[in-house]
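Written below as structure tokens is the structure these notes are about.
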Amino acid sequence: MTDPVNVLVAVAWPYASGSRHIGHLAGAYLPADIYARQQRLAGNRVLMVSGSDVHGTPIAVRAEAEGVTPQDIVDRYHGEIVQQWEQLGISWDLYTTTGTEHHARVTQEMFLTQLENGHIDKRTSDQFFDPEVERFLPDRYIEGECPHCGYGDARGDQCDNCTRTLDPTDLLNPRSKLSGATPQKRETEHFFYRYSDFNDKLRDYLEDKSDWRPHVVNFARGWLEDEGLLDRAITRDIDWGIDIPVDDLGPGKKIYVWYDAVIGYLSASQEWAASDRNSSGDADAWKDWWENPDSRHVYFIGKDNIPFHALFWPAQLMGAGNLHLPDSIPANQYVTFKGDKVSASRAVGNTIAEMLEVFEPDSLRFALSAALPEQADTDISAEEIARRINEELVATWGNLVNRVLSMVNKNCDGQVPDTPGSAPEDLELLASIDQSFIEASAQFEQAELKAALRTAMKSAQAANGYLNATEPWKLQKTDPVRASEVLHTALSAINGTRVLFAPFLPFTCGRLDEILGEPSGWARDELVAGTPIDKPTPMFAKVELAAEEENSA
RNA sequence: GGCGACGUAGCUCAGCUGGUAAGAGUGCUCGACUCAUAAUCGAGAGGUCGUGGGUUCGAGUCCCACCGUCGCUACCA
């Protein structure tokens with residue numbers, strides 16, 4: 001066994017502006033949780049952190065529209081998100097928000113360090129302003145007629161009709177999305193992060209990342225071609241956000257959400273270390289991950305986040321001193337729902353809440369795990385989820401456990417028999433299960449979780465095949481001793497396979513822990529003879545979709 | 001417009017740095033079995049690997065063009 005590694009499992013920060021959907025779940029949160037659980041079983045020290053991103057224009061604008069405070073909006077959705085993590089069994093070491101005082105302080109400290117290091121400077125630029133609501137407008141909040149296709153509701157950054165990229169000044173008859181007023185150009189002063197200082201270092205950094213997924217590393221490298229990263233403003237004209245730690249700019253300005261949100265990985269690690277969730281009690285424990293070159297940082301994000309995590313965040317870290325850079329960014333592609341991109345706004349059966357009404361958590365986790373968009377966009381539907389559950393999870397794994405536990409209960413006095421088998425087929429089955437651990441380890445190492453799930457399924461199939469070949473229900477009548485050897489072997493196979501499934505199916509594997517005992521680690525343990533085996537109840541129920549779901553989903 | 005990824009059996013997907021006669025699950029057909037949630041196991045049928053060129057002794061795998069899908073394009077996050 002190798003020494004434990006400190007693994008940081010960093011997960012994209014969900015924006016607390018609305019409900020999350022299964023695209024988010026399959027894209028980042030579920031794979032992160034599966035990976036973290038396996039790494040813990042493998043004996044590594046895992047720190048899995050994230051939180052709700054609470055700042056930014058959309059939340060401020062929405063609050064204004066509803067006549068409530070931004071914090072009200074945040075509380076509503078943060079609460080909903082946290083509850084869903086609970087229901088789904090997402091095993092955070094800490095799930096916090098960017099709204100804490102601690103996070104603000106860490107952000108400000110990092111800002112000051114980078115300022116001192118000469119990577120932040122002040123610049124003046126023109127920005128559109130809505131005179132009616134007295135607010136500076138992001139490009140997206142300016143609408144007008146597209147100069148290319150004449151579409152009337154083109155946004156300042158892009159025309160939804162002809163998909164061309166625009167600049168707000170391109171729009172004919174521009175108007176504010178907020179009030180309809182004609183935007184005015186106003187001069188405004190902001191702090192800029194000198195991302196261009198880091199182009200060479202970033203190229204070096206990405207040099208040895210050829211084992212990353214092609215769409216991740218190619219995309220990141222593409223940004224660095226030609227002139228590379230440009231300097232970007234990291235403050236905004238808005239009153240909802242983190243205070244700038246120097247007051248040169250005057251009031252009405254805050255730190256830009258994207259600059260602060262990624263700092264959450266660091267601030268949340270520190271918050272965890274100082275909290276009672278950290279059993280060591282050492283408030284400096286976060287340094288074992290962030291100031292330790294031997295630690296491993298894995299970022300689970302959707303593909304829309306690649307530039308921020310592969311480029312901007314590393315550049316911010318480089319400018320702040322000696323902090324650990326991302327080692328791996330297994331960004332997922334998108335889940336599509338019957339061919340369409342999943343979006344919470346389109347409603348119809350694809351928010352996490354709606355899915356949880358129809359499917360049990362482990363069943364949903366299984367179906368999504370089997371369809372993770374690791375290489376390419378992956379299409380899914382309620383019928384497909386139900387099929388995965390009924391034809392694969394229930395039939396192969398659920399039924400295997402049920403048939404073996406039933407036979408042991410009936411034929412072995414309701415307890416684990418003390419009759420390990422040593423026939424060639426017995427040894428062969430268990431050897432193949434043990435081999436699966438090695439195979440799955442390599443797959444987890446590469447964050448190929450779909451493949452790891454297939455490895456677990458293969459083990460279940462091997463055990464099913466073994467039972468069909470040995471037929472213990474017949475042996476029971478002719479050779480009861482051999483029958484109990486076969487059942488011991490089959491139960492041993494389950495004892496290993498349930499560990500292979502544990503990262504994916506925490507709830508039902510937890511029920512098996514209660515029966516068979518907690519696994520000692522990422523391996524198949526020997527059975528303890530005499531352990532009581534009651535008549536089992538099925539772990540998973542088959543699902544039947546209502547006709548309505550089939551039509552709408 | 002620019003950039004990137006993808007386009008492989010009915011369906012959902014694997015195929016790493018080019019090399020045994022193209023894979024998995026599911027579905028379909030046939031057979032075995034009946035311990036088990038009408039579950040399981042075995043066998044079989046099913047693909048000119050988007051299209052057209054090129055490189056190579058050899059390409060699903062590399063290059064070019066085209067078609068299609070999706071994403072990103074830095075002031076939404």
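Numbering starts fresh at 1 for the residues of each chain in the structure tokens, the chains themselves are lettered A, B, ... in the order given, and ligands are numbered from 1 as they appear.
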Within region 277-465 of chain A, find each residue whose DSSP state, derived from the backbone, is helix (DSSP H, G or I), and express the selection as a PyMOL selection string.
chain A and resi 287-290+303-320+344-346+352-358+361-369+382-411+424-445+449-465
Select residues of chain B: the criterion is any atom within 9 Å of an atom of chain A, counting only C-alpha atoms (C1' of nucleotides); output as a list of chain:residue names.
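Written out as asked, the residues are B:G1, B:C3, B:G4, B:A5, B:C6, B:U12, B:C13, B:A14, B:A24, B:G25, B:U26, B:C33, B:C35, B:A36, B:U37, B:A39, B:U40, B:C41, B:C70, B:G71, B:C72, B:U73, B:A74, B:C75, B:C76, B:A77.
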Would you mind reading off the distance between CA of Leu487 (chain A) and CA of Asp525 (chain A), one decimal, in Å?
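Those two atoms sit 15.9 Å apart.
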Shell around Gln270 (chain A) at 7 Å using only C-alpha atoms (C1' of nucleotides), local window under 4 positions removed, as an mmCIF file with C-alpha atoms, in the first residue's frame:
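What landed in result-v7.cif:
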```
data_model
loop_
_atom_site.group_PDB
_atom_site.id
_atom_site.type_symbol
_atom_site.label_atom_id
_atom_site.label_comp_id
_atom_site.auth_asym_id
_atom_site.auth_seq_id
_atom_site.Cartn_x
_atom_site.Cartn_y
_atom_site.Cartn_z
ATOM 1 C CA LEU A 266 -8.937 28.029 -0.962
ATOM 2 C CA ALA A 274 -10.830 25.888 11.365
ATOM 3 C CA TRP A 286 -5.487 23.246 4.905
#
```
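Coordinates place CA of Ala490 (chain A) at a distance of 11.0 Å from CA of Ser459 (chain A).
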Within 12 Å of G46 (chain B), counting only C-alpha atoms (C1' of nucleotides), which residues show up once you throw out same-chain ones fewer than 6 positions away? Write them as a compact mmCIF listing (two decimals) with N, CA, C and O atoms (P, O5', C5', C4', C3', O3' and C1' of nucleotides), in the first residue's frame, please.
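Wrote out-v6.txt, looks like this:
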```txt
# COMPACT_ATOMS: atom_id res chain seq x y z
P A B 9 -23.55 3.19 -35.45
O5' A B 9 -24.02 1.75 -35.97
C5' A B 9 -25.34 1.32 -35.68
C4' A B 9 -25.35 -0.16 -35.52
C3' A B 9 -26.53 -0.70 -34.69
O3' A B 9 -27.58 -1.14 -35.53
C1' A B 9 -24.51 -1.83 -34.20
P G B 10 -28.23 -0.19 -36.62
O5' G B 10 -29.65 -0.01 -35.91
C5' G B 10 -30.65 0.81 -36.50
C4' G B 10 -31.69 1.06 -35.45
C3' G B 10 -31.18 1.86 -34.25
O3' G B 10 -31.32 3.25 -34.49
C1' G B 10 -32.25 -0.09 -33.48
P G B 27 -32.86 -5.89 -22.39
O5' G B 27 -33.33 -5.48 -23.86
C5' G B 27 -34.31 -4.46 -24.05
C4' G B 27 -34.49 -4.21 -25.53
C3' G B 27 -34.79 -5.46 -26.34
O3' G B 27 -36.17 -5.78 -26.31
C1' G B 27 -33.06 -4.25 -27.38
P C B 28 -36.60 -7.31 -26.28
O5' C B 28 -36.18 -7.82 -27.74
C5' C B 28 -36.79 -7.27 -28.90
C4' C B 28 -36.22 -7.91 -30.14
C3' C B 28 -36.15 -9.43 -30.09
O3' C B 28 -37.39 -10.02 -30.44
C1' C B 28 -34.08 -8.58 -30.86
P U B 29 -37.78 -11.44 -29.78
O5' U B 29 -36.84 -12.46 -30.55
C5' U B 29 -37.04 -12.74 -31.94
C4' U B 29 -36.08 -13.80 -32.39
C3' U B 29 -36.03 -15.04 -31.50
O3' U B 29 -37.06 -15.96 -31.82
C1' U B 29 -33.83 -14.31 -31.96
```
Contacts of region 65-80 of chain A at 8 Å (only C-alpha atoms (C1' of nucleotides); same-chain gap of 3+ positions) as a list of chain:residue names
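What passes the distance filter is A:Ala16, A:Ser17, A:Gly18, A:Ser19, A:Ser52, A:Val54, A:Ile59, A:Ala60, A:Val61, A:Arg62, A:Gln83, A:Gln84, A:Trp240.
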Next, dump the selected residues to file, keeping only N, CA and C atoms, as a short mmCIF file (atom, residue, chain, number, x, y, z; two decimals), in the first residue's frame.
```cif
data_model
loop_
_atom_site.label_atom_id
_atom_site.label_comp_id
_atom_site.auth_asym_id
_atom_site.auth_seq_id
_atom_site.Cartn_x
_atom_site.Cartn_y
_atom_site.Cartn_z
N ALA A 16 -26.25 30.56 -6.94
CA ALA A 16 -27.48 30.51 -6.14
C ALA A 16 -28.55 31.43 -6.70
N SER A 17 -28.82 31.29 -7.99
CA SER A 17 -29.80 32.17 -8.62
C SER A 17 -31.01 31.39 -9.11
N GLY A 18 -31.02 30.08 -8.90
CA GLY A 18 -32.13 29.28 -9.38
C GLY A 18 -31.93 27.83 -9.03
N SER A 19 -32.86 26.97 -9.48
CA SER A 19 -32.77 25.55 -9.18
C SER A 19 -31.72 24.88 -10.05
N SER A 52 -22.10 27.67 -2.49
CA SER A 52 -22.93 28.44 -3.41
C SER A 52 -22.26 29.77 -3.71
N VAL A 54 -22.71 33.41 -4.46
CA VAL A 54 -23.86 34.24 -4.09
C VAL A 54 -23.83 35.66 -4.64
N ILE A 59 -28.26 38.04 -9.54
CA ILE A 59 -28.91 37.95 -8.23
C ILE A 59 -29.34 39.33 -7.77
N ALA A 60 -28.48 40.34 -7.98
CA ALA A 60 -28.83 41.69 -7.58
C ALA A 60 -30.06 42.20 -8.33
N VAL A 61 -30.09 41.90 -9.63
CA VAL A 61 -31.21 42.38 -10.45
C VAL A 61 -32.51 41.66 -10.07
N ARG A 62 -32.39 40.38 -9.85
CA ARG A 62 -33.58 39.60 -9.48
C ARG A 62 -34.17 40.07 -8.16
N GLN A 83 -30.23 21.10 0.64
CA GLN A 83 -31.15 20.01 0.92
C GLN A 83 -31.00 18.90 -0.12
N GLN A 84 -30.76 19.29 -1.36
CA GLN A 84 -30.61 18.28 -2.40
C GLN A 84 -29.30 17.51 -2.26
N TRP A 240 -23.50 44.77 -4.86
CA TRP A 240 -23.65 43.43 -4.25
C TRP A 240 -22.41 42.61 -4.57
#
```
Show me, as a ChimeraX atom specification, the residues that have an atom within 9 Å of Asp237 (chain A) when counting only C-alpha atoms (C1' of nucleotides), minus same-chain residues fewer than 6 positions from it.
/A:135-137,188,190,251-256
Serialized selection, N, CA and C atoms, as a tab-separated table (two decimals), in the first residue's frame:
```tsv
chain	number	residue	atom	x	y	z
A	135	ARG	N	-27.52	52.18	-12.94
A	135	ARG	CA	-26.70	50.99	-12.77
A	135	ARG	C	-25.86	50.79	-14.03
A	136	PHE	N	-24.61	50.43	-13.85
A	136	PHE	CA	-23.81	50.05	-15.00
A	136	PHE	C	-24.30	48.70	-15.52
A	137	LEU	N	-24.22	48.52	-16.82
A	137	LEU	CA	-24.82	47.33	-17.42
A	137	LEU	C	-23.77	46.39	-18.01
A	188	THR	N	-15.44	54.81	-16.32
A	188	THR	CA	-15.39	54.20	-14.99
A	188	THR	C	-14.01	53.60	-14.79
A	190	HIS	N	-11.46	50.86	-12.93
A	190	HIS	CA	-11.48	49.54	-12.31
A	190	HIS	C	-10.09	48.96	-12.11
A	251	PRO	N	-16.99	54.77	-3.85
A	251	PRO	CA	-18.09	53.84	-3.52
A	251	PRO	C	-18.73	53.24	-4.76
A	252	GLY	N	-19.59	52.24	-4.52
A	252	GLY	CA	-20.39	51.67	-5.61
A	252	GLY	C	-19.65	50.63	-6.42
A	253	LYS	N	-18.53	50.16	-5.93
A	253	LYS	CA	-17.79	49.15	-6.68
A	253	LYS	C	-17.45	47.97	-5.79
A	254	LYS	N	-17.48	46.81	-6.39
A	254	LYS	CA	-17.17	45.58	-5.64
A	254	LYS	C	-16.27	44.70	-6.48
A	255	ILE	N	-15.77	43.65	-5.85
A	255	ILE	CA	-14.95	42.68	-6.57
A	255	ILE	C	-15.85	41.83	-7.47
A	256	TYR	N	-15.36	41.53	-8.63
A	256	TYR	CA	-16.10	40.76	-9.64
A	256	TYR	C	-16.27	39.31	-9.18
```
If I take CA of His297 (chain A) and CA of Asp204 (chain A), how far is one from the other in Å, to one decimal?
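According to the coordinates, CA of His297 (chain A) and CA of Asp204 (chain A) are separated by 17.8 Å.
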Using backbone DSSP assignments, extract all strand (DSSP E or B) residues from region 293-436 of chain A; output them as a PyMOL selection string.
chain A and resi 296-300+302+328+332+335-337+340-341+351+378-380+415
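For the set B:C30, B:G2, B:C57, B:U69, the residue with the smallest atom-to-atom gap to A45 (chain B) is B:C30, counting only C-alpha atoms (C1' of nucleotides).
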Taking only C-alpha atoms into account, which of A:Phe501, A:Trp397, A:Phe300, A:Trp522 comes nearest Asp434 (chain A)?
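So, comparing all the options, the nearest one is A:Trp522.
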For Pro503 (chain A): contacts at 7 Å, only C-alpha atoms (C1' of nucleotides), fewer than 5 positions along chain excluded, given as an NGL selection string:
:A and (34 or 37-38)
Using only C-alpha atoms, which of the listed residues (A:Gly321, A:Asp208, A:Ala382, A:Thr478) sits closest to Leu356 (chain A)?
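Of A:Gly321, A:Asp208, A:Ala382, A:Thr478, the one nearest Leu356 (chain A) is A:Ala382, counting only C-alpha atoms.
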